[in-house]
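So this block is my_file32.cif, mmCIF, C-alpha atoms:
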data_run
#
loop_
_atom_site.group_PDB
_atom_site.id
_atom_site.type_symbol
_atom_site.label_atom_id
_atom_site.label_comp_id
_atom_site.auth_asym_id
_atom_site.auth_seq_id
_atom_site.Cartn_x
_atom_site.Cartn_y
_atom_site.Cartn_z
ATOM 1 C CA MET E 73 5.319 -14.301 -5.836
ATOM 2 C CA ARG E 74 7.019 -11.156 -4.663
ATOM 3 C CA VAL E 75 5.089 -8.210 -3.199
ATOM 4 C CA TYR E 76 6.880 -4.933 -2.632
ATOM 5 C CA THR E 77 5.735 -2.080 -0.405
ATOM 6 C CA ILE E 78 6.646 1.602 -0.341
ATOM 7 C CA GLY E 79 5.554 4.825 1.327
ATOM 8 C CA PHE E 80 6.246 8.268 -0.111
ATOM 9 C CA THR E 81 6.390 10.421 3.031
ATOM 10 C CA ARG E 82 9.834 11.931 3.652
ATOM 11 C CA LYS E 83 11.128 10.680 0.321
ATOM 12 C CA SER E 84 12.166 12.956 -2.473
ATOM 13 C CA ALA E 85 10.649 12.216 -5.860
ATOM 14 C CA GLU E 86 14.113 11.144 -7.026
ATOM 15 C CA SER E 87 14.541 8.646 -4.185
ATOM 16 C CA PHE E 88 10.975 7.347 -4.484
ATOM 17 C CA PHE E 89 11.116 6.699 -8.229
ATOM 18 C CA ASP E 90 14.670 5.319 -8.072
ATOM 19 C CA LEU E 91 13.606 2.773 -5.438
ATOM 20 C CA LEU E 92 10.685 1.699 -7.587
ATOM 21 C CA ARG E 93 12.670 1.607 -10.826
ATOM 22 C CA MET E 94 15.402 -0.552 -9.306
ATOM 23 C CA SER E 95 13.036 -2.848 -7.381
ATOM 24 C CA GLY E 96 11.864 -5.155 -10.143
ATOM 25 C CA ALA E 97 8.200 -4.374 -9.430
ATOM 26 C CA LYS E 98 5.957 -4.305 -12.500
ATOM 27 C CA ARG E 99 3.271 -1.928 -11.254
ATOM 28 C CA VAL E 100 2.209 0.142 -8.267
ATOM 29 C CA VAL E 101 -0.998 -0.790 -6.499
ATOM 30 C CA ASP E 102 -2.161 2.219 -4.525
ATOM 31 C CA ILE E 103 -3.928 1.064 -1.360
ATOM 32 C CA ARG E 104 -4.546 4.512 0.127
ATOM 33 C CA LEU E 105 -8.066 5.523 0.973
ATOM 34 C CA ASN E 106 -7.428 9.080 -0.231
ATOM 35 C CA ASN E 107 -5.147 9.173 -3.239
ATOM 36 C CA SER E 108 -5.808 12.631 -4.667
ATOM 37 C CA SER E 109 -5.022 14.948 -1.752
ATOM 38 C CA GLN E 110 -2.982 18.059 -2.497
ATOM 39 C CA LEU E 111 -0.737 16.980 0.400
ATOM 40 C CA ALA E 112 0.378 13.949 -1.601
ATOM 41 C CA GLY E 113 2.544 16.090 -3.903
ATOM 42 C CA PHE E 114 4.109 13.890 -6.615
ATOM 43 C CA ALA E 115 2.081 10.909 -5.310
ATOM 44 C CA LYS E 116 -1.338 12.308 -6.290
ATOM 45 C CA ARG E 117 -3.230 9.670 -8.298
ATOM 46 C CA ASP E 118 -3.115 11.189 -11.785
ATOM 47 C CA ASP E 119 0.392 12.622 -11.455
ATOM 48 C CA LEU E 120 1.688 9.377 -9.991
ATOM 49 C CA ALA E 121 0.280 7.288 -12.835
ATOM 50 C CA TYR E 122 1.991 9.606 -15.324
ATOM 51 C CA PHE E 123 5.350 9.645 -13.509
ATOM 52 C CA LEU E 124 5.360 5.880 -12.989
ATOM 53 C CA GLN E 125 4.852 5.269 -16.695
ATOM 54 C CA ARG E 126 7.334 7.914 -17.870
ATOM 55 C CA ILE E 127 10.090 7.349 -15.293
ATOM 56 C CA CYS E 128 9.749 3.668 -14.419
ATOM 57 C CA GLY E 129 7.752 2.117 -17.257
ATOM 58 C CA MET E 130 5.308 0.868 -14.611
ATOM 59 C CA GLY E 131 1.549 0.663 -14.462
ATOM 60 C CA TYR E 132 -0.640 2.124 -11.730
ATOM 61 C CA GLU E 133 -3.930 1.103 -10.204
ATOM 62 C CA HIS E 134 -5.909 1.927 -7.113
ATOM 63 C CA LEU E 135 -7.391 -0.838 -4.942
ATOM 64 C CA ALA E 136 -9.500 0.931 -2.333
ATOM 65 C CA GLU E 137 -10.646 -2.494 -1.068
ATOM 66 C CA LEU E 138 -7.233 -2.777 0.609
ATOM 67 C CA ALA E 139 -7.526 0.577 2.397
ATOM 68 C CA PRO E 140 -8.893 1.197 5.882
ATOM 69 C CA THR E 141 -12.278 2.814 6.333
ATOM 70 C CA GLN E 142 -12.342 6.563 6.962
ATOM 71 C CA GLU E 143 -13.628 5.937 10.501
ATOM 72 C CA LEU E 144 -10.789 3.561 11.324
ATOM 73 C CA LEU E 145 -8.182 5.881 9.850
ATOM 74 C CA ASP E 146 -9.607 8.897 11.700
ATOM 75 C CA ALA E 147 -9.667 7.033 15.020
ATOM 76 C CA TYR E 148 -6.011 6.060 14.718
ATOM 77 C CA ARG E 149 -4.763 9.395 13.395
ATOM 78 C CA GLY E 150 -6.842 11.220 15.987
ATOM 79 C CA LYS E 151 -5.168 9.151 18.717
ATOM 80 C CA ARG E 152 -8.490 7.681 19.827
ATOM 81 C CA MET E 153 -7.085 4.254 19.024
ATOM 82 C CA SER E 154 -3.693 2.688 19.711
ATOM 83 C CA TRP E 155 -1.633 1.089 16.947
ATOM 84 C CA GLU E 156 -2.340 -2.317 18.449
ATOM 85 C CA ASP E 157 -6.109 -1.713 18.341
ATOM 86 C CA TYR E 158 -5.851 -0.290 14.820
ATOM 87 C CA GLU E 159 -3.937 -3.352 13.681
ATOM 88 C CA THR E 160 -6.544 -5.688 15.185
ATOM 89 C CA GLU E 161 -9.431 -3.730 13.647
ATOM 90 C CA PHE E 162 -7.765 -3.422 10.262
ATOM 91 C CA LEU E 163 -6.987 -7.142 10.049
ATOM 92 C CA ALA E 164 -10.585 -7.903 11.022
ATOM 93 C CA LEU E 165 -11.706 -5.598 8.196
ATOM 94 C CA MET E 166 -9.476 -7.422 5.689
ATOM 95 C CA SER E 167 -10.895 -10.726 6.915
ATOM 96 C CA ALA E 168 -14.485 -9.463 6.666
ATOM 97 C CA ARG E 169 -13.792 -8.264 3.122
ATOM 98 C CA HIS E 170 -12.218 -11.652 2.303
ATOM 99 C CA ILE E 171 -9.420 -9.947 0.404
ATOM 100 C CA GLU E 172 -7.626 -13.269 0.003
ATOM 101 C CA ARG E 173 -10.549 -14.465 -2.165
ATOM 102 C CA MET E 174 -10.786 -11.340 -4.296
ATOM 103 C CA PRO E 175 -9.559 -11.731 -7.884
ATOM 104 C CA ILE E 176 -6.474 -9.622 -7.154
ATOM 105 C CA LYS E 177 -3.632 -12.133 -7.120
ATOM 106 C CA ARG E 178 -2.473 -11.308 -10.670
ATOM 107 C CA ARG E 179 -2.648 -7.599 -9.890
ATOM 108 C CA ILE E 180 -0.655 -7.976 -6.658
ATOM 109 C CA ALA E 181 1.993 -10.372 -8.012
ATOM 110 C CA ASN E 182 5.279 -8.511 -8.501
ATOM 111 C CA ALA E 183 3.550 -5.238 -7.675
ATOM 112 C CA CYS E 184 4.395 -2.607 -5.094
ATOM 113 C CA LEU E 185 1.748 -1.699 -2.518
ATOM 114 C CA LEU E 186 1.757 2.055 -2.007
ATOM 115 C CA CYS E 187 0.777 3.984 1.089
ATOM 116 C CA SER E 188 1.874 7.298 2.526
ATOM 117 C CA GLU E 189 3.605 6.190 5.745
ATOM 118 C CA GLU E 190 7.380 6.567 5.755
ATOM 119 C CA SER E 191 8.051 3.130 7.221
ATOM 120 C CA PRO E 192 6.113 -0.152 7.040
ATOM 121 C CA ASP E 193 6.256 -0.681 10.808
ATOM 122 C CA ARG E 194 3.012 1.116 11.582
ATOM 123 C CA CYS E 195 1.407 1.084 8.184
ATOM 124 C CA HIS E 196 -1.473 -0.860 6.724
ATOM 125 C CA ARG E 197 0.581 -1.760 3.626
ATOM 126 C CA ARG E 198 2.630 -4.119 5.795
ATOM 127 C CA LEU E 199 -0.534 -5.560 7.296
ATOM 128 C CA VAL E 200 -2.032 -6.177 3.845
ATOM 129 C CA ALA E 201 1.150 -7.827 2.561
ATOM 130 C CA GLU E 202 1.443 -10.051 5.635
ATOM 131 C CA TYR E 203 -2.251 -10.942 5.561
ATOM 132 C CA LEU E 204 -1.966 -12.048 1.942
ATOM 133 C CA ARG E 205 1.247 -13.963 2.660
ATOM 134 C CA ASP E 206 -0.485 -15.785 5.516
ATOM 135 C CA HIS E 207 -3.386 -16.752 3.252
ATOM 136 C CA TRP E 208 -1.661 -17.302 -0.088
ATOM 137 C CA ARG E 209 1.555 -18.793 1.365
ATOM 138 C CA ASP E 210 3.700 -18.078 -1.690
ATOM 139 C CA VAL E 211 4.356 -14.398 -1.002
ATOM 140 C CA ASP E 212 7.809 -12.919 -0.461
ATOM 141 C CA ILE E 213 7.541 -9.377 0.964
ATOM 142 C CA VAL E 214 10.132 -6.699 0.162
ATOM 143 C CA HIS E 215 9.777 -3.300 1.856
ATOM 144 C CA LEU E 216 11.420 -0.527 -0.194
ATOM 145 C CA THR E 217 12.878 2.056 2.179
#

Would you write out, as C-alpha cells, the structure that this file holds?
Amino acid sequence: MRVYTIGFTRKSAESFFDLLRMSGAKRVVDIRLNNSSQLAGFAKRDDLAYFLQRICGMGYEHLAELAPTQELLDAYRGKRMSWEDYETEFLALMSARHIERMPIKRRIANACLLCSEESPDRCHRRLVAEYLRDHWRDVDIVHLT
C-alpha cells in the first residue's frame, strides 16, 4: 500500500494540484484539525473537495481522528512545547486512539494525507504515515514536495 503526504503552505494552487494529479493518489484524506479557516485559501474544505474533483478527478474526505487535539496544537504553535515533546505526545495520542485498529485502511490506501505544513519534517502527517507503517507493515510512504 502506498500512502502519500502533502502540505499546502508555500505552494501555489498550480503546484499543489499538479503534484497531486501526477502522484497516482486516488483521494486526499485531510487530517487537519481545522480545515475551513479563511487562511487555508484554496485548501478550505469545500473548495478543496471541488478543486480535487474538477482538476485531479480525486475524492476528498476529512479524518479528524488523525489530527492533534487543539490543546496539543496550541502548545506546540505557542512554543510552550518543543517539537520532540509534541512528537511524543502526538504519537501517544495516536496510540490511545488506536488508529491502527480503526476501519480506515481502505480509505488510507493510495490516498494522500493532507496537512498545512510546508514540509513533512515537523508535521503530524509524517507521524501518522510512519505510525501506520509501523503497525500495518505494508505501507510505502511518498512525501509530495

Write out as CSV a residue-level contact list of stretch 94-169 of chain E versus stretch 193-204 of chain E with cut-off 8 Å: for each qualifying residue the closest pair of atoms and the distance in Å to one decimal, counting all atoms listed in the file, rows sorted by chain and residue number upward.
residue,atom,partner,partner_atom,distance
E:Ile103,CA,E:Arg197,CA,7.3
E:Leu138,CA,E:Val200,CA,7.0
E:Ala139,CA,E:His196,CA,7.6
E:Pro140,CA,E:His196,CA,7.7
E:Trp155,CA,E:Arg194,CA,7.1
E:Glu159,CA,E:Leu199,CA,7.6
E:Phe162,CA,E:His196,CA,7.7
E:Leu163,CA,E:Leu199,CA,7.2
E:Met166,CA,E:Val200,CA,7.8

At a cut-off of 8 Å, using all atoms listed in the file, what residues contact stretch 97-99 of chain E? Leave out same-chain residues fewer than 3 positions from it and give the result as a ChimeraX atom specification.
/E:75-76,92-93,130-133,182-184

Name every residue that the PyMOL selection byres ((chain E and resi 82) around 12) selects in this structure, writing the answer as number ranges by chain with chains first and numbers rising.
E: 78-81, 83-88, 112-115, 188-191, 217

Centre and edges of the stretch 105-110 of chain E box, axis-aligned, 4 Å extra per side, as lines of an AutoDock Vina configuration file:
center_x = -5.5
center_y = 11.8
center_z = -1.8
size_x = 13.1
size_y = 20.5
size_z = 13.6

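Between atom CA of E:Phe89 and atom CA of E:Cys128 lies a distance of 7.0 Å.
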
Looking at all atoms listed in the file, which of E:Val211, E:Lys116, E:Gln142, E:Ala181 is the one that sits closest to E:Gly96?
E:Ala181

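If you apply the PyMOL selection byres ((chain E and resi 212) around 7) to this structure, you end up with Met73, Arg74, Val75, Asp210, Val211, Ile213 and Val214 of chain E.
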
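A straight line drawn from atom CA of E:Leu135 to atom CA of E:Leu105 is 8.7 Å long.
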
Is it possible to get the residues within 8 Å of (-9.3, 9.6, -9.4) (coordinates as in the file, counting only C-alpha atoms) written as a ChimeraX atom specification?
/E:107-108,117-118

Assuming the input is short of atoms at stretch 151-162 of chain E, produce all heavy atoms for that part as a compact mmCIF listing (two decimals), in the coordinates of the input.
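Output contents, as saved in out23.txt:
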# COMPACT_ATOMS: atom_id res chain seq x y z
N LYS E 151 -5.67 9.71 17.46
CA LYS E 151 -5.17 9.15 18.72
C LYS E 151 -6.28 8.66 19.64
O LYS E 151 -6.12 8.61 20.86
CB LYS E 151 -4.25 10.15 19.43
CG LYS E 151 -3.06 10.54 18.56
CD LYS E 151 -2.00 11.25 19.35
CE LYS E 151 -0.87 11.77 18.51
NZ LYS E 151 -0.22 10.91 17.62
N ARG E 152 -7.41 8.29 19.05
CA ARG E 152 -8.49 7.68 19.83
C ARG E 152 -8.36 6.16 19.81
O ARG E 152 -9.17 5.47 20.41
CB ARG E 152 -9.85 8.11 19.25
CG ARG E 152 -10.12 9.59 19.38
CD ARG E 152 -11.51 9.99 18.92
NE ARG E 152 -11.87 9.51 17.60
CZ ARG E 152 -11.55 10.10 16.44
NH1 ARG E 152 -10.82 11.20 16.45
NH2 ARG E 152 -11.94 9.60 15.30
N MET E 153 -7.32 5.69 19.15
CA MET E 153 -7.08 4.25 19.02
C MET E 153 -5.58 4.02 18.98
O MET E 153 -4.86 4.73 18.29
CB MET E 153 -7.74 3.75 17.73
CG MET E 153 -7.52 2.30 17.41
SD MET E 153 -8.30 1.84 15.84
CE MET E 153 -10.00 1.71 16.36
N SER E 154 -5.12 3.03 19.72
CA SER E 154 -3.69 2.69 19.71
C SER E 154 -3.35 1.95 18.42
O SER E 154 -4.25 1.44 17.73
CB SER E 154 -3.37 1.78 20.90
OG SER E 154 -3.97 0.51 20.73
N TRP E 155 -2.05 1.85 18.12
CA TRP E 155 -1.63 1.09 16.95
C TRP E 155 -2.09 -0.36 17.08
O TRP E 155 -2.57 -0.95 16.11
CB TRP E 155 -0.12 1.14 16.73
CG TRP E 155 0.27 0.15 15.67
CD1 TRP E 155 0.88 -1.06 15.85
CD2 TRP E 155 -0.01 0.24 14.27
NE1 TRP E 155 1.01 -1.72 14.66
CE2 TRP E 155 0.47 -0.94 13.66
CE3 TRP E 155 -0.63 1.19 13.46
CZ2 TRP E 155 0.37 -1.18 12.29
CZ3 TRP E 155 -0.72 0.95 12.10
CH2 TRP E 155 -0.23 -0.22 11.53
N GLU E 156 -1.96 -0.92 18.24
CA GLU E 156 -2.34 -2.32 18.45
C GLU E 156 -3.82 -2.53 18.16
O GLU E 156 -4.20 -3.52 17.52
CB GLU E 156 -1.99 -2.76 19.88
CG GLU E 156 -0.51 -2.82 20.16
CD GLU E 156 0.17 -1.46 20.34
OE1 GLU E 156 -0.52 -0.44 20.62
OE2 GLU E 156 1.41 -1.41 20.16
N ASP E 157 -4.67 -1.61 18.61
CA ASP E 157 -6.11 -1.71 18.34
C ASP E 157 -6.40 -1.49 16.85
O ASP E 157 -7.25 -2.17 16.27
CB ASP E 157 -6.90 -0.72 19.18
CG ASP E 157 -6.90 -1.09 20.67
OD1 ASP E 157 -6.66 -2.27 20.99
OD2 ASP E 157 -7.14 -0.19 21.49
N TYR E 158 -5.69 -0.54 16.25
CA TYR E 158 -5.85 -0.29 14.82
C TYR E 158 -5.51 -1.55 14.04
O TYR E 158 -6.23 -1.96 13.13
CB TYR E 158 -4.96 0.88 14.38
CG TYR E 158 -4.97 1.12 12.90
CD1 TYR E 158 -5.95 1.92 12.31
CD2 TYR E 158 -4.02 0.54 12.07
CE1 TYR E 158 -5.96 2.13 10.93
CE2 TYR E 158 -4.03 0.74 10.70
CZ TYR E 158 -4.99 1.54 10.14
OH TYR E 158 -5.01 1.73 8.79
N GLU E 159 -4.38 -2.15 14.38
CA GLU E 159 -3.94 -3.35 13.68
C GLU E 159 -4.99 -4.46 13.78
O GLU E 159 -5.34 -5.08 12.78
CB GLU E 159 -2.60 -3.82 14.27
CG GLU E 159 -1.97 -4.96 13.54
CD GLU E 159 -0.55 -5.26 14.03
OE1 GLU E 159 -0.01 -4.53 14.88
OE2 GLU E 159 0.00 -6.25 13.53
N THR E 160 -5.51 -4.67 14.98
CA THR E 160 -6.54 -5.69 15.18
C THR E 160 -7.78 -5.38 14.36
O THR E 160 -8.33 -6.27 13.68
CB THR E 160 -6.91 -5.78 16.68
OG1 THR E 160 -5.73 -6.15 17.42
CG2 THR E 160 -8.01 -6.78 16.93
N GLU E 161 -8.24 -4.14 14.39
CA GLU E 161 -9.43 -3.73 13.65
C GLU E 161 -9.22 -3.81 12.13
O GLU E 161 -10.10 -4.24 11.39
CB GLU E 161 -9.85 -2.31 14.03
CG GLU E 161 -10.37 -2.18 15.45
CD GLU E 161 -11.70 -2.90 15.64
OE1 GLU E 161 -12.55 -2.87 14.72
OE2 GLU E 161 -11.87 -3.50 16.71
N PHE E 162 -8.04 -3.39 11.69
CA PHE E 162 -7.76 -3.42 10.26
C PHE E 162 -7.71 -4.86 9.74
O PHE E 162 -8.27 -5.17 8.69
CB PHE E 162 -6.47 -2.68 9.93
CG PHE E 162 -6.18 -2.66 8.46
CD1 PHE E 162 -6.89 -1.81 7.62
CD2 PHE E 162 -5.25 -3.52 7.90
CE1 PHE E 162 -6.66 -1.81 6.25
CE2 PHE E 162 -5.01 -3.53 6.54
CZ PHE E 162 -5.72 -2.67 5.71
